[in-house]
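A.B. asks: Structure below; questions to follow.
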Amino acid sequence: MNTNSNTYTIVYATVVVIIVAVLLALVSQVLGPRQQANIQLDQQKQILGALKQDISNCDDPAALYFSLVKDTLDVNGHPVYVAEIEGATKYVLKLKGAGLWGGIGGYLALDDDKNTIYGANFNHESETPGLGALIVELPFRQQFEGKHIRNAEGQVVSVAVLKAGTMAEGQEQVDALSGATITSTGVNDMLQTNLAEYAEFLNDLPAAEPEAEEANEENQTSNQTEE
Amino acid sequence: MALSQKTKETLLGPLNANNPVVVQVLGICSALAVTVQLKPALVMGVAVTIIVAMSNVIISLLRNTIPMRIRIIVQLVVVAALVTLVSEVLKAFAYDVAMQLSVYIGLIITNCILMGRLEAFAMTNKVWDSFLDGLGNGLGYAAILIIVAFFRELFGAGTLLGFRIIPESWYVANGGFYENCGMMMMPAMALIIVGGIIWAHRAINKEEK
């Protein structure tokens with residue numbers, strides 16, 4: 001047979017592509033549910049990480065997840081996971097941003113004042129091992145615990161990720177990773193933009209918020225002096 | 001198992017005298033990307049070995065039917081299908097590993113060693129020989145990756161496979177005298193190490209001749 005004729009070439013290409021397409025579609029269909037389950041479990045594990053749960057020795061992270069996370073709210077398409085830990089309510093916000101080589105993401109757990117960070121967890125697609133990839137490690141994540149995402153006036157200003165030795169103005173800060181400037185900046189920007197997207201949820205504070213009242217009173221007094 | 005002279009050459013040649021990385025200088029791009037630490041280098045080496053061997057076998061089986069004008073496209077389709085298959089299976093059964101290696105697995109498609117072996121060997125050789133050739137070239141590639149990653153992780157982070165080799169107390173931060181070489185973490189350093197390996201390799205082989 002003449003394997004160089006046009007007809008043969010076209011038929012051959014078509015057959016090869018159809019076989020490969022059917023094969024891959026089949027594999028994707030068969031493995032799909034398993035992959036979805038893995039993705040969901042991974043997400044639950046990350047939320048547990050943000051809630052400072054040690055799951056390294058946990059046999060059934062999914063059960064632990066459902067025992068802690070009570071509800072999922074939707075804020076303009078962004079999820080808020082409402083968890084209860086030792087009687088206190090925690091809100092877990094989902095973060096998404098860009099690192100050096102690919103996407104980065106994470107979860108930020110806040111106390112019920114929607115200000116104090118309870119815990120943080122980060123993930124990445126393809127940051128450099130040993131440099132940017134260190135954002136997933138505890139030493140970097142633990143820096144965020146106890147920081148406040150609001151400034152003294154109660155506005156949401158996020159937490160800055162800055163080179164050690166430099167000072168942020170008007171917001172609290174954590175140390176960036178040395179040798180991973182772009183990934184660190186990515187985390188900084190990710191926090192900033194994602195918290196802005198959650199503004200509606202974060203600014204929906206209970207009416208009897210003492211800090212907010214103080215701020216208002218201060219404003220009023222300054223107004224009166226002007227008058 | 002007794003191997004004939006030719007079989008031995010096909011399998012073991014790529015490990016030294018005909019190494020794909022240091023002699024043919026193929027697959028350099030991924031050698032830069034995955035050698036910051038030893039573990040991704042190891043897994044990448046294994047994955048490439050499996051995929052080169054399997055695609056060599058498939059192309060060798062099809063070699064008499066492939067139309068010459070679209071042979072490169074057919075090779076690419078086979079390689080891409082295999083890589084996608086491996087990545088899907090990893091995502092289903094070893095999710096953590098898949099997440100760590102996602103980009104690297106995808107990068108295998110663009111690895112020049114694959115196309116090089118398919119075009120230069122599998123298109124004109126029998127199935128068993130092609131399998132051995134793929135195995136040999138994959139291992140030859142893995143060997144270089146591991147050597148480069150060994151130096152980069154040891155001097156760049158003071159660890160090997162994540163275990164600390166250089167004691168914490170040696171570091172300047174803890175009152176010692178030692179500091180990690182930040183240059184080792186940069187992709188450029190991988191090229192310099194590969195260059196060093198090529199130099200040593202040529203020097204030794206020259207003496208043998």
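Identifiers in the structure tokens: chain A, B, ... in order shown; residue index from 1 per chain; ligand index from 1 in order shown.
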Can you check which residues of stretch 128-164 of chain A DSSP gives as alpha helix (DSSP H) on the backbone and send them as a PyMOL selection string?
C.D. replies: chain A and resi 138-142
A.B. asks: Suppose we keep C-alpha atoms; can you now write the selection as a PDB file, in the first residue's frame?
C.D. replies:
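The resulting selection10.pdb:
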```
ATOM      1  CA  LEU A 138       3.933  26.714  58.534  1.00  0.00           C
ATOM      2  CA  PRO A 139       6.635  29.326  59.311  1.00  0.00           C
ATOM      3  CA  PHE A 140       5.234  31.640  56.633  1.00  0.00           C
ATOM      4  CA  ARG A 141       1.564  30.915  57.373  1.00  0.00           C
ATOM      5  CA  GLN A 142       1.874  31.293  61.137  1.00  0.00           C
TER       6      GLN A 142
END
```
A.B. asks: Assign secondary structure with DSSP using the backbone only, and return the residues of stretch 81-226 of chain A in strand (DSSP E or B) as a ChimeraX atom specification.
C.D. replies: /A:81-85,88-98,103-111,116-124,148,150,156,160-162,173-175
A.B. asks: Would you kindly report the residues of chain A within 7 Å of chain B, using only C-alpha atoms, as a PyMOL selection string?
C.D. replies: chain A and resi 3-4+9+20+24+31+34-35+38+126+129
A.B. asks: Kindly indicate which residue among A:Phe66, A:Ile18, A:Gly130, A:Gln46 lies nearest to A:Leu93, using only C-alpha atoms for the distances.
C.D. replies: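 Using only C-alpha atoms, the shortest distance to A:Leu93 belongs to A:Gln46.
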A.B. asks: Please compute the atom CA of B:Val57-atom CA of A:Val27 distance, one decimal, in Å.
C.D. replies: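 So the two atoms, atom CA of B:Val57 and atom CA of A:Val27, lie 20.8 Å apart.
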A.B. asks: Applying 7 Å and only C-alpha atoms, which residues near B:Leu38 remain after dropping the ones on its own chain fewer than 4 positions away? List them as a PyMOL selection string.
C.D. replies: chain B and resi 42+146+149-150+153+160-161
